>>> print(open('query_28.tsv').read())   # TSV, C-alpha atoms and all ligand atoms
chain	number	residue	atom	x	y	z
A	28	ARG	CA	-49.71	60.82	84.61
A	29	ILE	CA	-48.56	57.25	85.03
A	30	SER	CA	-48.46	54.74	82.19
A	31	ASP	CA	-51.45	52.56	81.25
A	32	ARG	CA	-49.42	49.58	82.47
A	33	LEU	CA	-48.87	51.05	85.94
A	34	SER	CA	-52.48	52.33	86.07
A	35	ALA	CA	-53.65	48.77	85.49
A	36	VAL	CA	-51.38	47.59	88.34
A	37	ALA	CA	-52.75	50.36	90.61
A	38	ARG	CA	-56.38	49.41	89.89
A	39	LEU	CA	-55.78	45.96	91.36
A	40	ILE	CA	-54.73	47.37	94.77
A	41	PRO	CA	-57.58	47.97	97.24
A	42	PRO	CA	-57.63	51.13	99.39
A	43	GLY	CA	-56.16	51.31	102.86
A	44	ARG	CA	-53.30	48.84	102.46
A	45	ILE	CA	-49.62	48.86	103.36
A	46	VAL	CA	-48.05	48.36	99.94
A	47	ALA	CA	-44.44	47.39	99.20
A	48	ASP	CA	-43.32	48.15	95.64
A	49	ILE	CA	-40.12	46.18	95.15
A	50	GLY	CA	-37.97	47.37	92.24
A	51	SER	CA	-39.91	50.61	92.33
A	52	ASP	CA	-37.41	52.73	90.34
A	53	HIS	CA	-39.16	56.15	90.13
A	54	ALA	CA	-41.72	55.25	92.87
A	55	GLN	CA	-44.45	56.44	90.50
A	56	LEU	CA	-46.84	53.70	91.54
A	57	LEU	CA	-46.77	54.51	95.26
A	58	VAL	CA	-46.98	58.27	94.67
A	59	HIS	CA	-49.98	57.65	92.41
A	60	LEU	CA	-51.65	55.46	95.08
A	61	ALA	CA	-50.99	58.13	97.74
A	62	GLU	CA	-52.37	60.90	95.50
A	63	HIS	CA	-55.54	58.91	94.89
A	64	GLN	CA	-56.02	58.27	98.60
A	65	VAL	CA	-55.85	54.53	98.32
A	66	LEU	CA	-52.62	54.07	100.24
A	67	ASP	CA	-52.22	53.58	104.00
A	68	ARG	CA	-48.42	53.34	103.83
A	69	GLY	CA	-45.94	52.54	101.10
A	70	ILE	CA	-42.46	51.04	101.03
A	71	ALA	CA	-40.42	51.52	97.86
A	72	GLY	CA	-37.57	48.99	97.62
A	73	GLU	CA	-34.65	49.35	95.20
A	74	VAL	CA	-31.44	47.38	94.89
A	75	ASN	CA	-29.63	49.90	92.66
A	76	ARG	CA	-28.47	53.26	93.93
A	77	GLY	CA	-29.51	55.30	90.84
A	78	PRO	CA	-33.16	54.18	90.85
A	79	TYR	CA	-33.17	54.36	94.67
A	80	GLU	CA	-32.17	58.02	94.46
A	81	ASN	CA	-34.80	58.60	91.73
A	82	ALA	CA	-37.43	57.13	94.04
A	83	ALA	CA	-36.25	59.16	97.05
A	84	ASP	CA	-36.28	62.41	95.00
A	85	ARG	CA	-39.70	61.70	93.52
A	86	VAL	CA	-41.24	60.92	96.92
A	87	ARG	CA	-39.71	64.03	98.51
A	88	GLU	CA	-40.91	66.26	95.63
A	89	SER	CA	-44.40	64.75	95.81
A	90	GLY	CA	-44.73	65.66	99.50
A	91	TRP	CA	-45.66	62.11	100.53
A	92	SER	CA	-42.52	61.31	102.58
A	93	ASP	CA	-44.62	60.82	105.70
A	94	ARG	CA	-46.46	57.98	104.01
A	95	ILE	CA	-43.86	56.44	101.65
A	96	ASP	CA	-40.58	55.05	102.88
A	97	VAL	CA	-37.80	54.53	100.31
A	98	ARG	CA	-35.32	51.76	101.13
A	99	LEU	CA	-32.14	50.52	99.45
A	100	GLY	CA	-31.74	46.74	99.38
A	101	ASP	CA	-32.20	43.48	97.54
A	102	GLY	CA	-35.72	42.19	96.96
A	103	LEU	CA	-37.85	41.54	100.05
A	104	LYS	CA	-34.87	42.08	102.40
A	105	VAL	CA	-35.98	45.70	102.79
A	106	LEU	CA	-39.16	44.51	104.54
A	107	ARG	CA	-39.69	43.48	108.14
A	108	PRO	CA	-41.57	40.18	108.46
A	109	GLY	CA	-45.30	40.79	108.20
A	110	GLU	CA	-44.85	44.46	107.32
A	111	ALA	CA	-46.62	44.63	103.94
A	112	ASP	CA	-50.23	43.69	103.16
A	113	VAL	CA	-49.62	43.92	99.43
A	114	VAL	CA	-46.34	43.26	97.60
A	115	VAL	CA	-45.93	44.55	94.03
A	116	LEU	CA	-43.19	43.43	91.65
A	117	ALA	CA	-43.60	45.11	88.26
A	118	GLY	CA	-41.57	45.69	85.13
A	119	MET	CA	-39.11	42.84	85.64
A	120	GLY	CA	-38.57	39.46	84.04
A	121	GLY	CA	-40.67	36.58	85.35
A	122	SER	CA	-37.68	34.57	86.53
A	123	LEU	CA	-36.37	37.54	88.56
A	124	ILE	CA	-39.80	38.02	90.13
A	125	ALA	CA	-40.02	34.31	91.07
A	126	SER	CA	-36.50	34.38	92.47
A	127	ILE	CA	-37.12	37.52	94.58
A	128	LEU	CA	-40.28	35.92	96.01
A	129	SER	CA	-38.50	32.61	96.73
A	130	ARG	CA	-35.56	34.29	98.44
A	131	GLY	CA	-37.83	36.36	100.66
A	132	LYS	CA	-40.69	33.95	101.36
A	133	GLU	CA	-40.42	34.41	105.14
A	134	LYS	CA	-41.35	38.10	104.72
A	135	LEU	CA	-44.70	37.22	103.18
A	136	ASP	CA	-46.39	35.54	106.19
A	137	ALA	CA	-48.88	38.37	106.70
A	138	THR	CA	-49.06	39.44	103.06
A	139	THR	CA	-52.52	38.89	101.62
A	140	GLN	CA	-51.96	39.96	98.02
A	141	LEU	CA	-49.19	39.81	95.44
A	142	VAL	CA	-49.49	41.98	92.34
A	143	LEU	CA	-46.98	40.81	89.74
A	144	GLN	CA	-46.29	42.26	86.31
A	145	PRO	CA	-43.68	40.14	84.55
A	146	ASN	CA	-42.28	41.58	81.31
A	147	ASN	CA	-41.67	38.02	80.11
A	148	HIS	CA	-41.88	34.40	81.34
A	149	GLY	CA	-45.21	34.88	83.08
A	150	ASP	CA	-45.39	31.08	83.20
A	151	GLN	CA	-42.56	31.04	85.75
A	152	VAL	CA	-44.47	33.47	87.95
A	153	ARG	CA	-47.69	31.43	87.73
A	154	ARG	CA	-45.81	28.21	88.45
A	155	TRP	CA	-44.28	29.77	91.57
A	156	LEU	CA	-47.70	30.95	92.77
A	157	LEU	CA	-49.27	27.53	92.25
A	158	GLU	CA	-46.41	25.70	93.97
A	159	GLN	CA	-46.39	28.09	96.93
A	160	GLY	CA	-50.15	27.98	97.53
A	161	TRP	CA	-51.16	31.38	96.14
A	162	GLU	CA	-54.42	31.61	94.27
A	163	ILE	CA	-54.62	33.72	91.11
A	164	LYS	CA	-57.62	36.00	91.63
A	165	GLN	CA	-57.32	38.50	88.81
A	166	GLU	CA	-55.37	38.84	85.61
A	167	GLU	CA	-55.05	41.76	83.23
A	168	LEU	CA	-53.52	42.29	79.83
A	169	VAL	CA	-52.72	45.83	78.65
A	170	LYS	CA	-51.09	47.11	75.50
A	171	GLU	CA	-48.80	50.10	75.56
A	172	GLY	CA	-46.32	51.29	72.94
A	173	GLY	CA	-47.14	48.21	70.88
A	174	ILE	CA	-46.17	45.86	73.73
A	175	LEU	CA	-48.51	43.55	75.62
A	176	TYR	CA	-48.07	43.47	79.39
A	177	GLU	CA	-49.67	40.91	81.69
A	178	ILE	CA	-50.52	41.48	85.34
A	179	VAL	CA	-51.33	38.73	87.83
A	180	SER	CA	-52.89	39.36	91.23
A	181	ALA	CA	-52.87	36.51	93.72
A	182	SER	CA	-54.14	35.96	97.25
A	183	SER	CA	-52.81	33.65	99.91
A	184	GLY	CA	-54.86	30.53	100.48
A	185	ALA	CA	-55.01	27.05	99.08
A	186	PRO	CA	-55.82	27.25	95.38
A	187	GLU	CA	-58.38	24.94	93.92
A	188	HIS	CA	-57.05	23.53	90.71
A	189	PRO	CA	-57.10	26.80	88.77
A	190	TYR	CA	-56.86	25.34	85.31
A	191	GLN	CA	-60.07	23.36	85.34
A	192	GLY	CA	-62.54	23.46	82.51
A	193	LEU	CA	-60.27	24.88	79.79
A	194	PRO	CA	-59.26	22.70	76.87
A	195	PHE	CA	-55.48	23.35	77.09
A	196	SER	CA	-52.52	21.80	78.81
A	197	GLY	CA	-51.13	23.39	81.99
A	198	ASP	CA	-48.06	24.80	80.24
A	199	ILE	CA	-50.12	26.79	77.73
A	200	LEU	CA	-52.42	28.07	80.47
A	201	ARG	CA	-49.46	29.10	82.61
A	202	LYS	CA	-48.09	31.05	79.63
A	203	LEU	CA	-51.38	32.71	78.70
A	204	GLY	CA	-53.00	33.09	82.11
A	205	PRO	CA	-55.92	30.86	83.16
A	206	LEU	CA	-58.25	33.76	83.95
A	207	LEU	CA	-57.40	35.65	80.76
A	208	CYS	CA	-58.30	32.43	78.91
A	209	ARG	CA	-61.46	31.80	80.94
A	210	ASP	CA	-62.60	35.37	80.18
A	211	ARG	CA	-61.37	35.28	76.57
A	212	HIS	CA	-59.66	38.61	77.16
A	213	PRO	CA	-59.94	40.82	74.04
A	214	LEU	CA	-56.13	41.05	73.68
A	215	LEU	CA	-55.55	37.31	74.06
A	216	GLY	CA	-55.66	36.71	70.30
A	217	GLU	CA	-52.69	39.06	69.89
A	218	ARG	CA	-50.87	37.34	72.72
A	219	VAL	CA	-51.37	33.94	71.05
A	220	ALA	CA	-50.29	35.36	67.67
A	221	GLU	CA	-47.01	36.47	69.33
A	222	GLU	CA	-46.35	32.87	70.41
A	223	VAL	CA	-47.08	31.55	66.90
A	224	ASP	CA	-44.73	34.20	65.40
A	225	ARG	CA	-42.02	33.24	67.88
A	226	LEU	CA	-42.34	29.58	66.84
A	227	ASP	CA	-42.32	30.53	63.15
A	228	ARG	CA	-39.08	32.47	63.61
A	229	ALA	CA	-37.51	29.53	65.44
A	230	LEU	CA	-38.66	27.14	62.67
A	231	ASP	CA	-37.30	29.51	59.99
A	232	SER	CA	-33.91	29.60	61.64
A	233	LEU	CA	-33.76	25.78	61.51
A	234	ARG	CA	-34.97	25.47	57.92
A	235	SER	CA	-31.61	24.55	56.39
A	236	ALA	CA	-30.31	22.58	59.39
A	237	ARG	CA	-29.65	18.90	58.72
A	238	THR	CA	-28.38	17.45	62.00
A	239	PRO	CA	-30.62	14.89	63.79
A	240	GLU	CA	-30.81	17.24	66.81
A	241	ALA	CA	-32.03	20.11	64.63
A	242	GLN	CA	-34.60	17.86	62.97
A	243	MET	CA	-35.85	16.69	66.36
A	244	ARG	CA	-36.10	20.32	67.48
A	245	GLN	CA	-38.03	21.16	64.28
A	246	GLN	CA	-40.53	18.39	65.04
A	247	GLN	CA	-40.98	19.67	68.61
A	248	LEU	CA	-41.50	23.24	67.42
A	249	ALA	CA	-43.97	22.13	64.74
A	250	ALA	CA	-45.93	20.14	67.35
A	251	ASP	CA	-45.93	23.19	69.64
A	252	ARG	CA	-47.16	25.33	66.79
A	253	ARG	CA	-50.09	22.97	66.19
A	254	ARG	CA	-51.04	23.23	69.88
A	255	TRP	CA	-51.02	27.04	69.64
A	256	GLU	CA	-53.12	26.88	66.46
A	257	GLU	CA	-55.69	24.90	68.47
A	258	VAL	CA	-55.76	27.79	70.97
A	259	GLN	CA	-56.27	30.22	68.06
A	260	SER	CA	-59.20	28.25	66.72
A	261	TRP	CA	-60.75	27.94	70.22
A	262	LEU	CA	-60.49	31.73	70.59
A	263	SER	CA	-62.19	32.35	67.27
A	264	GLN	CA	-65.17	30.08	68.08
B	1	LIG	N1	-41.53	48.79	89.01
B	1	LIG	C1	-41.28	49.90	88.10
B	1	LIG	C2	-42.23	49.84	86.94
B	1	LIG	O1	-42.91	48.82	86.77
B	1	LIG	O2	-42.29	50.81	86.16
B	1	LIG	C3	-39.84	49.91	87.63
B	1	LIG	C4	-39.42	48.75	86.79
B	1	LIG	S1	-37.71	48.80	86.41
B	1	LIG	C5	-37.67	48.29	84.78
B	1	LIG	C6	-37.08	47.45	87.35
B	1	LIG	C7	-36.40	47.92	88.62
B	1	LIG	O3	-36.16	46.79	89.46
B	1	LIG	C8	-35.08	48.58	88.38
B	1	LIG	O4	-35.12	49.89	88.90
B	1	LIG	C9	-34.08	47.69	89.12
B	1	LIG	O5	-33.05	48.45	89.73
B	1	LIG	C10	-34.96	47.02	90.14
B	1	LIG	N2	-34.49	45.71	90.65
B	1	LIG	C11	-33.94	44.70	89.94
B	1	LIG	N3	-33.63	43.68	90.75
B	1	LIG	C12	-34.00	44.03	92.01
B	1	LIG	C13	-33.92	43.40	93.28
B	1	LIG	N4	-33.39	42.19	93.42
B	1	LIG	N5	-34.41	44.07	94.35
B	1	LIG	C14	-34.92	45.32	94.22
B	1	LIG	N6	-35.00	45.97	93.04
B	1	LIG	C15	-34.56	45.34	91.94
>>> encode(input="query_28.tsv", output="structure tokens")
Amino acid sequence: RISDRLSAVARLIPPGRIVADIGSDHAQLLVHLAEHQVLDRGIAGEVNRGPYENAADRVRESGWSDRIDVRLGDGLKVLRPGEADVVVLAGMGGSLIASILSRGKEKLDATTQLVLQPNNHGDQVRRWLLEQGWEIKQEELVKEGGILYEIVSASSGAPEHPYQGLPFSGDILRKLGPLLCRDRHPLLGERVAEEVDRLDRALDSLRSARTPEAQMRQQQLAADRRRWEEVQSWLSQ
């Protein structure tokens, strides 16, 4: 059985696609897609030899070697241009995901869907998508082992302004996810509380600081905290 996090990623992938899972480690996602008959072909990419061997073993043991190719290499370099319909990057930091996509942009010409699950800095992923003309079509938030995970699925095509109609600034929406906000996702309150806690810890650590820089930082953090409190009160309406 795969984790709730990876199940939520799998649910966003339509049947019959050629799916590249970059940074696949154990290749669990592609094996799961093959077992549930929703996979045309899969490519598991890994930059590190240990996880690459894990993936190769897992695919061989699963009996899906005819359908899933395991390749050793950095990011999207393992793909031929136009090879994958869907590219998945899951379980990595948001800045690494954005950098892998940027460095391999030319491989995405025929890709119609990106499914991205950043472990942090989701705002960097959403910024990349917006700047590169990808439209966010679905977002999910799942909780596993006490940790909240966000998943963003985007399609190629000129986005309309995705942040219309919500009473927050772009930076807050990029952090929270515009569709999760629009839908008032049931776990969003917890996600917002995490941000407020993070700001409280930062404010605590500056409590006894007296330098002008620290005081300026305190004011910024306090202003940020007020903006997040506005999100909390909007959510509770
Ligand atoms: N995608 C799986 C999941 O969500 O459960 C595995 C996530 S694992 C924490 C991240 C994997 O990404 C590691 O196995 C790591 O070796 C791989 N990785 C990191 N940077 C990479 C890169 N530039 N290209 C390919 N794989 C990379």
>>> atom_distance(input="query_28.tsv", atom1="CA of Gln259 in chain A", atom2="CA of Leu214 in chain A")
12.2 Å
>>> residues_near_ligand(input="query_28.tsv", ligand="ligand LIG 1 (chain B)", cutoff="8 Å", atoms="only C-alpha atoms and all ligand atoms", output="PyMOL selection string")
chain A and resi 32-33+48-56+72-79+99-103+115-119+123+127+144
>>> closest_residue(input="query_28.tsv", among="A:Ala229, A:Ile163, A:Glu222, A:Pro194", to="Leu206 in chain A", atoms="only C-alpha atoms")
A:Ile163
>>> residues_near_point(input="query_28.tsv", point="(-48.1, 41.6, 87.7)", cutoff="6 Å", atoms="only C-alpha atoms", output="compact mmCIF listing (two decimals) with C-alpha atoms, in the coordinates of the input")
# COMPACT_ATOMS: atom_id res chain seq x y z
CA ALA A 117 -43.60 45.11 88.26
CA VAL A 142 -49.49 41.98 92.34
CA LEU A 143 -46.98 40.81 89.74
CA GLN A 144 -46.29 42.26 86.31
CA PRO A 145 -43.68 40.14 84.55
CA ILE A 178 -50.52 41.48 85.34
CA VAL A 179 -51.33 38.73 87.83
>>> atom_distance(input="query_28.tsv", atom1="CA of Val97 in chain A", atom2="CA of Ala71 in chain A")
4.7 Å
>>> atom_distance(input="query_28.tsv", atom1="CA of Arg68 in chain A", atom2="CA of Ile95 in chain A")
5.9 Å
>>> closest_residue(input="query_28.tsv", among="A:Val58, A:Gly173, A:Ser235, A:Leu226", to="Glu256 in chain A", atoms="all atoms listed in the file")
A:Leu226
>>> closest_residue(input="query_28.tsv", among="A:Lys164, A:Arg38, A:Arg244, A:Arg218", to="Leu203 in chain A", atoms="all atoms listed in the file")
A:Arg218
>>> closest_atom_pairs(input="query_28.tsv", of="range 148-236 of chain A", to="range 246-249 of chain A", cutoff="12 Å", atoms="only C-alpha atoms", output="CSV")
residue,atom,partner,partner_atom,distance
A:Glu222,CA,A:Leu248,CA,11.2
A:Val223,CA,A:Leu248,CA,10.0
A:Asp224,CA,A:Leu248,CA,11.6
A:Arg225,CA,A:Leu248,CA,10.0
A:Leu226,CA,A:Leu248,CA,6.4
A:Asp227,CA,A:Leu248,CA,8.5
A:Arg228,CA,A:Leu248,CA,10.3
A:Ala229,CA,A:Leu248,CA,7.7
A:Leu230,CA,A:Leu248,CA,6.8
A:Asp231,CA,A:Leu248,CA,10.6
A:Ser232,CA,A:Leu248,CA,11.5
A:Leu233,CA,A:Leu248,CA,10.1
A:Arg234,CA,A:Gln246,CA,11.5
>>> closest_residue(input="query_28.tsv", among="A:Ala241, A:Leu57, A:Trp91, A:Val113", to="Pro41 in chain A", atoms="only C-alpha atoms")
A:Val113
